[in-house]
$ cat query-v1.cif   # mmCIF, C-alpha atoms
data_input
loop_
_atom_site.group_PDB
_atom_site.id
_atom_site.type_symbol
_atom_site.label_atom_id
_atom_site.label_comp_id
_atom_site.auth_asym_id
_atom_site.auth_seq_id
_atom_site.Cartn_x
_atom_site.Cartn_y
_atom_site.Cartn_z
ATOM 1 C CA MET A 14 91.284 -65.011 -97.667
ATOM 2 C CA LEU A 15 94.344 -65.744 -95.519
ATOM 3 C CA LYS A 16 93.020 -69.229 -94.772
ATOM 4 C CA LYS A 17 92.565 -69.933 -98.504
ATOM 5 C CA THR A 18 96.092 -68.667 -99.208
ATOM 6 C CA LEU A 19 97.600 -70.893 -96.532
ATOM 7 C CA LEU A 20 95.672 -73.903 -97.805
ATOM 8 C CA ALA A 21 96.839 -73.219 -101.339
ATOM 9 C CA ALA A 22 100.441 -72.929 -100.171
ATOM 10 C CA THR A 23 100.147 -76.223 -98.315
ATOM 11 C CA ALA A 24 98.768 -77.916 -101.401
ATOM 12 C CA LEU A 25 101.632 -76.597 -103.522
ATOM 13 C CA LEU A 26 104.193 -77.870 -101.017
ATOM 14 C CA ALA A 27 102.559 -81.285 -101.042
ATOM 15 C CA LEU A 28 102.652 -81.370 -104.843
ATOM 16 C CA ALA A 29 106.283 -80.286 -104.829
ATOM 17 C CA GLY A 30 107.121 -83.043 -102.375
ATOM 18 C CA GLY A 31 105.322 -85.582 -104.558
ATOM 19 C CA ALA A 32 107.203 -84.376 -107.617
ATOM 20 C CA ALA A 33 110.502 -84.645 -105.755
ATOM 21 C CA ALA A 34 109.678 -88.217 -104.835
ATOM 22 C CA GLN A 35 108.821 -89.053 -108.450
ATOM 23 C CA ASP A 36 112.080 -87.488 -109.683
ATOM 24 C CA LEU A 37 114.336 -89.384 -107.276
ATOM 25 C CA LYS A 38 117.580 -89.953 -109.194
ATOM 26 C CA GLU A 39 119.750 -91.529 -106.511
ATOM 27 C CA PHE A 40 118.638 -94.082 -103.948
ATOM 28 C CA ARG A 41 120.866 -94.438 -100.883
ATOM 29 C CA VAL A 42 120.897 -97.741 -99.028
ATOM 30 C CA GLY A 43 122.450 -98.157 -95.592
ATOM 31 C CA ILE A 44 123.932 -101.551 -94.720
ATOM 32 C CA LEU A 45 124.452 -102.384 -91.058
ATOM 33 C CA GLY A 46 127.893 -103.236 -89.769
ATOM 34 C CA GLY A 47 128.522 -106.696 -88.410
ATOM 35 C CA GLU A 48 130.001 -108.517 -91.385
ATOM 36 C CA ASN A 49 133.111 -107.518 -93.322
ATOM 37 C CA GLU A 50 132.540 -104.763 -95.881
ATOM 38 C CA THR A 51 133.507 -106.823 -98.930
ATOM 39 C CA ASP A 52 130.912 -109.492 -98.183
ATOM 40 C CA ARG A 53 128.197 -106.928 -97.474
ATOM 41 C CA LEU A 54 128.763 -105.082 -100.751
ATOM 42 C CA ARG A 55 128.852 -108.335 -102.708
ATOM 43 C CA ASN A 56 125.611 -109.549 -101.118
ATOM 44 C CA TYR A 57 123.818 -106.271 -101.844
ATOM 45 C CA ALA A 58 125.045 -105.835 -105.433
ATOM 46 C CA CYS A 59 122.074 -107.770 -106.821
ATOM 47 C CA LEU A 60 119.662 -105.547 -104.887
ATOM 48 C CA SER A 61 121.272 -102.469 -106.401
ATOM 49 C CA ASP A 62 120.784 -103.908 -109.889
ATOM 50 C CA HIS A 63 117.133 -104.745 -109.220
ATOM 51 C CA LEU A 64 116.382 -101.276 -107.822
ATOM 52 C CA LYS A 65 117.893 -99.566 -110.859
ATOM 53 C CA LYS A 66 115.924 -101.748 -113.246
ATOM 54 C CA GLU A 67 112.636 -101.450 -111.337
ATOM 55 C CA PHE A 68 112.653 -97.715 -110.631
ATOM 56 C CA GLY A 69 115.041 -96.257 -113.188
ATOM 57 C CA PHE A 70 117.389 -94.757 -110.606
ATOM 58 C CA GLU A 71 120.470 -93.250 -112.178
ATOM 59 C CA LYS A 72 122.442 -94.397 -109.157
ATOM 60 C CA VAL A 73 121.935 -96.726 -106.212
ATOM 61 C CA SER A 74 124.531 -95.970 -103.555
ATOM 62 C CA LEU A 75 125.365 -98.642 -101.005
ATOM 63 C CA PHE A 76 126.759 -97.451 -97.675
ATOM 64 C CA PRO A 77 128.229 -100.286 -95.562
ATOM 65 C CA ALA A 78 128.597 -98.482 -92.238
ATOM 66 C CA ALA A 79 131.428 -99.437 -89.915
ATOM 67 C CA ASP A 80 128.898 -99.886 -87.108
ATOM 68 C CA TYR A 81 125.142 -99.806 -86.519
ATOM 69 C CA ASP A 82 125.206 -96.175 -85.432
ATOM 70 C CA GLY A 83 126.481 -95.105 -88.847
ATOM 71 C CA VAL A 84 123.223 -96.260 -90.450
ATOM 72 C CA ILE A 85 121.130 -94.864 -87.610
ATOM 73 C CA GLN A 86 122.683 -91.426 -87.964
ATOM 74 C CA GLY A 87 122.366 -91.563 -91.747
ATOM 75 C CA LEU A 88 118.636 -92.145 -91.498
ATOM 76 C CA LEU A 89 118.214 -89.450 -88.869
ATOM 77 C CA GLY A 90 120.303 -86.966 -90.834
ATOM 78 C CA GLY A 91 118.636 -87.639 -94.174
ATOM 79 C CA THR A 92 121.747 -88.981 -95.920
ATOM 80 C CA LEU A 93 120.210 -92.459 -96.300
ATOM 81 C CA ASP A 94 116.848 -93.330 -97.834
ATOM 82 C CA PHE A 95 116.473 -96.972 -96.864
ATOM 83 C CA ALA A 96 117.956 -99.610 -94.586
ATOM 84 C CA GLU A 97 117.197 -102.855 -92.857
ATOM 85 C CA LEU A 98 117.625 -102.356 -89.121
ATOM 86 C CA GLY A 99 117.593 -104.553 -86.083
ATOM 87 C CA ALA A 100 114.734 -103.941 -83.651
ATOM 88 C CA SER A 101 117.003 -102.049 -81.236
ATOM 89 C CA GLY A 102 118.441 -99.960 -84.065
ATOM 90 C CA TYR A 103 114.946 -98.986 -85.139
ATOM 91 C CA ALA A 104 114.144 -98.199 -81.501
ATOM 92 C CA ALA A 105 117.140 -95.846 -81.404
ATOM 93 C CA VAL A 106 115.824 -93.968 -84.451
ATOM 94 C CA ALA A 107 112.250 -93.886 -83.144
ATOM 95 C CA ILE A 108 113.322 -92.563 -79.740
ATOM 96 C CA LYS A 109 115.376 -89.742 -81.275
ATOM 97 C CA ASP A 110 112.902 -88.840 -84.025
ATOM 98 C CA PRO A 111 109.612 -90.770 -84.303
ATOM 99 C CA LYS A 112 108.940 -89.112 -87.668
ATOM 100 C CA ALA A 113 112.254 -89.960 -89.339
ATOM 101 C CA VAL A 114 111.436 -93.358 -90.853
ATOM 102 C CA THR A 115 108.594 -95.812 -91.304
ATOM 103 C CA PRO A 116 109.016 -99.593 -90.972
ATOM 104 C CA ILE A 117 107.362 -101.263 -93.955
ATOM 105 C CA LEU A 118 108.331 -104.928 -93.826
ATOM 106 C CA THR A 119 110.114 -107.544 -91.771
ATOM 107 C CA THR A 120 111.420 -111.004 -92.573
ATOM 108 C CA GLN A 121 109.400 -114.138 -91.938
ATOM 109 C CA GLN A 122 111.124 -117.320 -90.804
ATOM 110 C CA GLU A 123 110.501 -120.625 -92.548
ATOM 111 C CA ASP A 124 108.089 -121.654 -89.791
ATOM 112 C CA GLY A 125 106.014 -118.506 -90.382
ATOM 113 C CA SER A 126 107.228 -116.640 -87.299
ATOM 114 C CA THR A 127 108.501 -113.073 -87.401
ATOM 115 C CA GLY A 128 111.023 -113.446 -84.631
ATOM 116 C CA TYR A 129 114.514 -114.761 -83.964
ATOM 117 C CA TYR A 130 116.820 -115.402 -81.019
ATOM 118 C CA SER A 131 119.960 -114.185 -79.382
ATOM 119 C CA ILE A 132 122.107 -117.230 -78.693
ATOM 120 C CA GLY A 133 125.263 -117.611 -76.633
ATOM 121 C CA LEU A 134 128.022 -119.620 -78.319
ATOM 122 C CA ALA A 135 131.161 -121.027 -76.723
ATOM 123 C CA LEU A 136 133.935 -123.368 -77.762
ATOM 124 C CA LYS A 137 133.068 -126.955 -76.907
ATOM 125 C CA SER A 138 136.602 -127.330 -75.543
ATOM 126 C CA SER A 139 135.896 -124.607 -72.941
ATOM 127 C CA GLY A 140 133.717 -126.987 -70.946
ATOM 128 C CA ILE A 141 130.962 -124.358 -70.764
ATOM 129 C CA LYS A 142 127.596 -126.073 -71.272
ATOM 130 C CA THR A 143 125.167 -123.489 -69.896
ATOM 131 C CA ILE A 144 125.409 -119.766 -69.284
ATOM 132 C CA LYS A 145 125.717 -120.443 -65.556
ATOM 133 C CA ASP A 146 128.986 -122.274 -66.250
ATOM 134 C CA ALA A 147 130.401 -119.000 -67.611
ATOM 135 C CA LYS A 148 130.545 -117.236 -64.240
ATOM 136 C CA GLY A 149 133.798 -115.313 -63.966
ATOM 137 C CA LYS A 150 134.445 -115.681 -67.715
ATOM 138 C CA LYS A 151 134.530 -113.153 -70.592
ATOM 139 C CA LEU A 152 131.335 -112.257 -72.458
ATOM 140 C CA GLY A 153 131.509 -110.784 -75.952
ATOM 141 C CA TYR A 154 128.892 -108.331 -77.268
ATOM 142 C CA ALA A 155 128.472 -107.425 -80.944
ATOM 143 C CA ASP A 156 127.502 -103.725 -81.178
ATOM 144 C CA PRO A 157 125.909 -101.236 -78.739
ATOM 145 C CA ASP A 158 122.925 -100.822 -81.098
ATOM 146 C CA SER A 159 122.433 -104.516 -81.780
ATOM 147 C CA THR A 160 119.306 -106.168 -80.414
ATOM 148 C CA SER A 161 120.559 -109.745 -80.192
ATOM 149 C CA GLY A 162 124.178 -108.713 -79.796
ATOM 150 C CA TYR A 163 123.664 -106.390 -76.838
ATOM 151 C CA LEU A 164 120.231 -105.166 -75.710
ATOM 152 C CA VAL A 165 118.632 -108.586 -75.227
ATOM 153 C CA PRO A 166 121.659 -110.303 -73.628
ATOM 154 C CA LEU A 167 122.128 -107.263 -71.383
ATOM 155 C CA THR A 168 118.582 -107.506 -70.061
ATOM 156 C CA GLN A 169 117.801 -111.223 -70.361
ATOM 157 C CA ILE A 170 120.948 -113.128 -69.354
ATOM 158 C CA PRO A 171 120.637 -111.789 -65.780
ATOM 159 C CA LYS A 172 117.237 -113.493 -65.552
ATOM 160 C CA ASP A 173 119.063 -116.824 -65.936
ATOM 161 C CA THR A 174 122.152 -116.041 -63.863
ATOM 162 C CA GLY A 175 120.504 -113.958 -61.144
ATOM 163 C CA MET A 176 123.127 -111.210 -61.497
ATOM 164 C CA PRO A 177 123.822 -108.236 -63.794
ATOM 165 C CA ASN A 178 126.257 -109.156 -66.537
ATOM 166 C CA ASP A 179 128.954 -106.829 -65.243
ATOM 167 C CA LYS A 180 128.832 -108.670 -61.926
ATOM 168 C CA PHE A 181 128.417 -112.236 -63.177
ATOM 169 C CA PHE A 182 131.142 -112.158 -65.824
ATOM 170 C CA ALA A 183 134.756 -111.223 -65.174
ATOM 171 C CA SER A 184 134.504 -108.789 -68.083
ATOM 172 C CA THR A 185 132.382 -107.868 -71.074
ATOM 173 C CA GLN A 186 133.518 -106.288 -74.319
ATOM 174 C CA PHE A 187 132.246 -105.112 -77.697
ATOM 175 C CA ASN A 188 133.893 -106.812 -80.634
ATOM 176 C CA GLY A 189 132.748 -104.675 -83.578
ATOM 177 C CA GLY A 190 129.740 -106.536 -84.930
ATOM 178 C CA HIS A 191 128.306 -110.042 -85.004
ATOM 179 C CA GLU A 192 130.923 -111.606 -87.274
ATOM 180 C CA ASN A 193 133.847 -110.316 -85.217
ATOM 181 C CA ASN A 194 132.092 -111.300 -82.000
ATOM 182 C CA LEU A 195 131.530 -114.883 -83.094
ATOM 183 C CA LEU A 196 135.115 -115.129 -84.319
ATOM 184 C CA ALA A 197 136.329 -113.743 -80.973
ATOM 185 C CA ALA A 198 134.704 -116.727 -79.238
ATOM 186 C CA TYR A 199 135.978 -119.121 -81.890
ATOM 187 C CA ASP A 200 139.515 -117.818 -81.436
ATOM 188 C CA GLY A 201 139.302 -117.914 -77.638
ATOM 189 C CA LYS A 202 139.426 -114.142 -77.129
ATOM 190 C CA VAL A 203 136.123 -114.288 -75.240
ATOM 191 C CA ASP A 204 134.493 -117.291 -73.588
ATOM 192 C CA VAL A 205 130.921 -116.673 -74.766
ATOM 193 C CA ALA A 206 129.718 -114.633 -77.736
ATOM 194 C CA VAL A 207 126.117 -113.588 -78.277
ATOM 195 C CA ASP A 208 124.847 -113.899 -81.834
ATOM 196 C CA ASP A 209 121.680 -113.537 -83.908
ATOM 197 C CA SER A 210 120.027 -116.752 -85.064
ATOM 198 C CA SER A 211 116.752 -118.159 -86.336
ATOM 199 C CA GLY A 212 117.215 -121.013 -83.880
ATOM 200 C CA LEU A 213 115.540 -123.242 -86.478
ATOM 201 C CA GLY A 214 117.004 -126.227 -88.262
ATOM 202 C CA ASP A 215 120.233 -127.986 -87.398
ATOM 203 C CA PHE A 216 122.986 -126.563 -85.234
ATOM 204 C CA LYS A 217 125.559 -128.263 -87.478
ATOM 205 C CA ASP A 218 124.378 -125.977 -90.317
ATOM 206 C CA GLY A 219 124.509 -122.860 -88.155
ATOM 207 C CA TYR A 220 120.682 -123.057 -88.034
ATOM 208 C CA THR A 221 118.728 -121.657 -90.992
ATOM 209 C CA SER A 222 119.760 -117.994 -90.788
ATOM 210 C CA GLY A 223 121.805 -115.500 -88.805
ATOM 211 C CA THR A 224 125.499 -114.684 -88.468
ATOM 212 C CA PHE A 225 126.328 -118.174 -87.200
ATOM 213 C CA ARG A 226 124.819 -119.569 -90.422
ATOM 214 C CA LYS A 227 126.760 -117.082 -92.575
ATOM 215 C CA GLU A 228 130.058 -118.028 -90.945
ATOM 216 C CA VAL A 229 129.381 -121.746 -91.317
ATOM 217 C CA ASP A 230 128.457 -121.281 -94.990
ATOM 218 C CA LYS A 231 131.691 -119.348 -95.585
ATOM 219 C CA GLY A 232 133.740 -122.013 -93.821
ATOM 220 C CA ALA A 233 134.948 -119.476 -91.261
ATOM 221 C CA VAL A 234 133.843 -121.606 -88.298
ATOM 222 C CA ASP A 235 133.333 -125.318 -87.716
ATOM 223 C CA PRO A 236 130.047 -125.792 -85.820
ATOM 224 C CA ASN A 237 131.356 -129.063 -84.403
ATOM 225 C CA LYS A 238 133.760 -126.994 -82.293
ATOM 226 C CA LEU A 239 130.995 -124.825 -80.826
ATOM 227 C CA VAL A 240 128.122 -125.277 -78.419
ATOM 228 C CA GLU A 241 125.021 -123.193 -77.708
ATOM 229 C CA VAL A 242 125.023 -122.265 -74.026
ATOM 230 C CA TRP A 243 122.165 -119.740 -73.870
ATOM 231 C CA ARG A 244 119.068 -118.725 -75.794
ATOM 232 C CA SER A 245 116.865 -115.655 -75.341
ATOM 233 C CA PRO A 246 113.109 -115.330 -75.603
ATOM 234 C CA LEU A 247 111.838 -114.658 -79.137
ATOM 235 C CA ILE A 248 112.874 -111.235 -80.495
ATOM 236 C CA PRO A 249 110.918 -109.324 -83.175
ATOM 237 C CA ASN A 250 112.701 -109.474 -86.538
ATOM 238 C CA GLY A 251 114.102 -106.090 -87.496
ATOM 239 C CA PRO A 252 112.333 -103.853 -90.030
ATOM 240 C CA LEU A 253 113.039 -102.573 -93.506
ATOM 241 C CA VAL A 254 112.587 -98.820 -93.099
ATOM 242 C CA VAL A 255 112.056 -95.952 -95.533
ATOM 243 C CA ARG A 256 112.902 -92.332 -94.812
ATOM 244 C CA ASN A 257 109.606 -90.481 -94.375
ATOM 245 C CA ALA A 258 110.793 -87.471 -96.379
ATOM 246 C CA LEU A 259 110.465 -89.621 -99.532
ATOM 247 C CA GLY A 260 106.707 -89.701 -99.035
ATOM 248 C CA SER A 261 104.075 -92.422 -98.772
ATOM 249 C CA GLU A 262 104.210 -93.172 -102.497
ATOM 250 C CA TRP A 263 107.746 -94.473 -102.231
ATOM 251 C CA GLN A 264 106.851 -96.480 -99.142
ATOM 252 C CA THR A 265 104.150 -98.230 -101.166
ATOM 253 C CA LYS A 266 106.428 -98.771 -104.179
ATOM 254 C CA LEU A 267 109.236 -100.206 -102.089
ATOM 255 C CA THR A 268 106.857 -102.397 -100.110
ATOM 256 C CA ASP A 269 105.535 -103.941 -103.327
ATOM 257 C CA PHE A 270 109.056 -104.356 -104.722
ATOM 258 C CA PHE A 271 110.414 -106.192 -101.681
ATOM 259 C CA LEU A 272 107.336 -108.389 -101.292
ATOM 260 C CA LYS A 273 108.006 -109.705 -104.808
ATOM 261 C CA LEU A 274 111.789 -110.056 -104.434
ATOM 262 C CA PRO A 275 111.899 -113.525 -102.771
ATOM 263 C CA THR A 276 110.039 -114.994 -105.739
ATOM 264 C CA ALA A 277 111.594 -112.798 -108.427
ATOM 265 C CA ASP A 278 115.153 -113.560 -107.298
ATOM 266 C CA ALA A 279 115.399 -116.066 -104.466
ATOM 267 C CA LYS A 280 119.202 -116.079 -104.633
ATOM 268 C CA CYS A 281 119.391 -112.308 -104.157
ATOM 269 C CA PHE A 282 116.858 -112.433 -101.325
ATOM 270 C CA SER A 283 118.935 -115.090 -99.557
ATOM 271 C CA ALA A 284 122.137 -113.115 -100.109
ATOM 272 C CA ILE A 285 120.910 -109.892 -98.517
ATOM 273 C CA GLU A 286 119.118 -111.636 -95.651
ATOM 274 C CA GLY A 287 121.792 -114.219 -94.908
ATOM 275 C CA GLY A 288 120.117 -117.600 -94.898
ATOM 276 C CA ALA A 289 116.759 -119.239 -95.463
ATOM 277 C CA PHE A 290 113.631 -117.156 -94.897
ATOM 278 C CA LYS A 291 110.082 -117.601 -96.153
ATOM 279 C CA GLY A 292 109.824 -114.008 -97.353
ATOM 280 C CA TYR A 293 108.786 -110.552 -96.173
ATOM 281 C CA VAL A 294 105.591 -109.534 -94.408
ATOM 282 C CA LYS A 295 104.162 -106.084 -93.721
ATOM 283 C CA VAL A 296 104.832 -104.602 -90.306
ATOM 284 C CA LYS A 297 103.672 -101.539 -88.383
ATOM 285 C CA PRO A 298 105.606 -99.370 -85.918
ATOM 286 C CA ASP A 299 103.735 -100.744 -82.886
ATOM 287 C CA PHE A 300 105.291 -104.175 -83.549
ATOM 288 C CA TYR A 301 108.423 -102.707 -81.933
ATOM 289 C CA ASN A 302 106.854 -100.911 -78.967
ATOM 290 C CA ALA A 303 108.147 -103.449 -76.436
ATOM 291 C CA VAL A 304 111.709 -103.193 -77.764
ATOM 292 C CA ILE A 305 111.526 -99.393 -77.686
ATOM 293 C CA GLU A 306 110.472 -99.467 -74.043
ATOM 294 C CA VAL A 307 113.206 -101.968 -73.111
ATOM 295 C CA ARG A 308 115.834 -99.836 -74.835
ATOM 296 C CA LYS A 309 114.611 -96.676 -73.104
ATOM 297 C CA ALA A 310 114.846 -98.380 -69.736
ATOM 298 C CA ALA A 311 118.160 -100.186 -70.279
ATOM 299 C CA ILE A 312 120.362 -97.902 -72.371
ATOM 300 C CA GLY A 313 118.297 -94.902 -73.467
ATOM 301 C CA GLY A 314 118.244 -93.606 -77.040
#
$ encode --input "query-v1.cif" --output "structure tokens"
Amino acid sequence: MLKKTLLAATALLALAGGAAAQDLKEFRVGILGGENETDRLRNYACLSDHLKKEFGFEKVSLFPAADYDGVIQGLLGGTLDFAELGASGYAAVAIKDPKAVTPILTTQQEDGSTGYYSIGLALKSSGIKTIKDAKGKKLGYADPDSTSGYLVPLTQIPKDTGMPNDKFFASTQFNGGHENNLLAAYDGKVDVAVDDSSGLGDFKDGYTSGTFRKEVDKGAVDPNKLVEVWRSPLIPNGPLVVRNALGSEWQTKLTDFFLKLPTADAKCFSAIEGGAFKGYVKVKPDFYNAVIEVRKAAIGG
């Protein structure tokens, strides 16, 4: 009798959870730091409109966090329902609470790959042509939870220089996101800045996607004044994640919605992703296992 009662209670809780998911009135979207808040909100406005129309949400709240950790903590604390993370950001969530979110999709580059690069950019006038030329110079990082703006350069640049970054460079510093980091190099505040990039297409365009591309498109930097001095191995594109408390039904709904978005509204898709991508593809948590292990070993959770 007790067993039947417990099973019945479990079933009722499951139904209640399903009902809660169906009755979702507000959908809360976290937006990673890295670009100025005004641009991020403008780029995501179309997504907010589409979500309201598709799912009938009374409100879609956009939260442009000051840094990556703001989104990470929002997902862990249950104050955000959805976000697009970098691979290292997802690793931070997964290390702290493997049951907090589920990755559903990632972006696919125009060549069909699901990876991108961390690149080192320097002013052409600096005379730096390769990362080895930057010995004793200043290196700029983007954010402590950025994959291409910290984790990968931290662990991979030493393979090219033969020394840890804090020994090879005169100093390293965080500059508050990818946009600020790139501008720090452009303004001569650091000698080399690490940035996210597809690495595809023409350098003079800022490649096909990434922060470099965004800044070129906005006219904030002139690519003719910059040079690429380092490139990482291929990095897994970051995931779109859904808070698990919403239930599997919402994961399926959101997966279907985003898979259709690049065709339904190519301009909106380009705005939120920052450049030219082929579309989204489904992804599973184990796609990020290597990044999780690297983060554990290099900087922990």
$ atom_distance --input "query-v1.cif" --atom1 "CA of Ala58 (chain A)" --atom2 "CA of Tyr130 (chain A)"
27.5 Å
$ residues_around --input "query-v1.cif" --residues "Val205 (chain A)" --least-positions-apart "2" --cutoff "9 Å" --atoms "all atoms listed in the file" --output "JSON, numbers by chain"
{"A": [133, 134, 135, 136, 141, 144, 147, 150, 151, 152, 153, 154, 195, 197, 198, 201, 203, 207, 242]}
$ residues_around --input "query-v1.cif" --residues "Gly189 (chain A)" --least-positions-apart "3" --cutoff "10 Å" --atoms "all atoms listed in the file" --output "list in words"
Gly46, Gly47, Glu48, Ala79, Asp80, Tyr81, Gly153, Tyr154, Ala155, Asp156, Pro157, Gln186, Glu192, Asn193 and Asn194 of chain A
$ residues_around --input "query-v1.cif" --residues "Thr160 (chain A)" --least-positions-apart "6" --cutoff "9 Å" --atoms "all atoms listed in the file" --output "list in words"
Gly99, Ala100, Ser101, Gly102, Ser131, Pro166, Asp209, Ile248, Gly251 and Val304 of chain A
$ residues_around --input "query-v1.cif" --residues "region 272-278 of chain A" --least-positions-apart "6" --cutoff "10 Å" --atoms "only C-alpha atoms" --output "list in words"
Cys59, Leu60, His63, Leu118, Thr119, Thr120, Phe290, Lys291, Gly292, Tyr293, Val294 and Lys295 of chain A
$ closest_residue --input "query-v1.cif" --among "A:Asp200, A:Glu286, A:Glu306, A:Glu39" --to "Thr224 (chain A)" --atoms "only C-alpha atoms"
A:Glu286
$ resolve_selection --input "query-v1.cif" --expression "the PyMOL selection byres ((chain A and resi 299) around 12)" --output "NGL selection string"
:A and (100 or 103-104 or 107 or 111 or 115-117 or 249 or 252 or 296-298 or 300-306)
$ write_last_selection --input "query-v1.cif" --atoms "C-alpha atoms" --output "PDB file, in the frame of the given file"
ATOM      1  CA  ALA A 100     114.734-103.941 -83.651  1.00  0.00           C
ATOM      2  CA  TYR A 103     114.946 -98.986 -85.139  1.00  0.00           C
ATOM      3  CA  ALA A 104     114.144 -98.199 -81.501  1.00  0.00           C
ATOM      4  CA  ALA A 107     112.250 -93.886 -83.144  1.00  0.00           C
ATOM      5  CA  PRO A 111     109.612 -90.770 -84.303  1.00  0.00           C
ATOM      6  CA  THR A 115     108.594 -95.812 -91.304  1.00  0.00           C
ATOM      7  CA  PRO A 116     109.016 -99.593 -90.972  1.00  0.00           C
ATOM      8  CA  ILE A 117     107.362-101.263 -93.955  1.00  0.00           C
ATOM      9  CA  PRO A 249     110.918-109.324 -83.175  1.00  0.00           C
ATOM     10  CA  PRO A 252     112.333-103.853 -90.030  1.00  0.00           C
ATOM     11  CA  VAL A 296     104.832-104.602 -90.306  1.00  0.00           C
ATOM     12  CA  LYS A 297     103.672-101.539 -88.383  1.00  0.00           C
ATOM     13  CA  PRO A 298     105.606 -99.370 -85.918  1.00  0.00           C
ATOM     14  CA  PHE A 300     105.291-104.175 -83.549  1.00  0.00           C
ATOM     15  CA  TYR A 301     108.423-102.707 -81.933  1.00  0.00           C
ATOM     16  CA  ASN A 302     106.854-100.911 -78.967  1.00  0.00           C
ATOM     17  CA  ALA A 303     108.147-103.449 -76.436  1.00  0.00           C
ATOM     18  CA  VAL A 304     111.709-103.193 -77.764  1.00  0.00           C
ATOM     19  CA  ILE A 305     111.526 -99.393 -77.686  1.00  0.00           C
ATOM     20  CA  GLU A 306     110.472 -99.467 -74.043  1.00  0.00           C
TER      21      GLU A 306
END
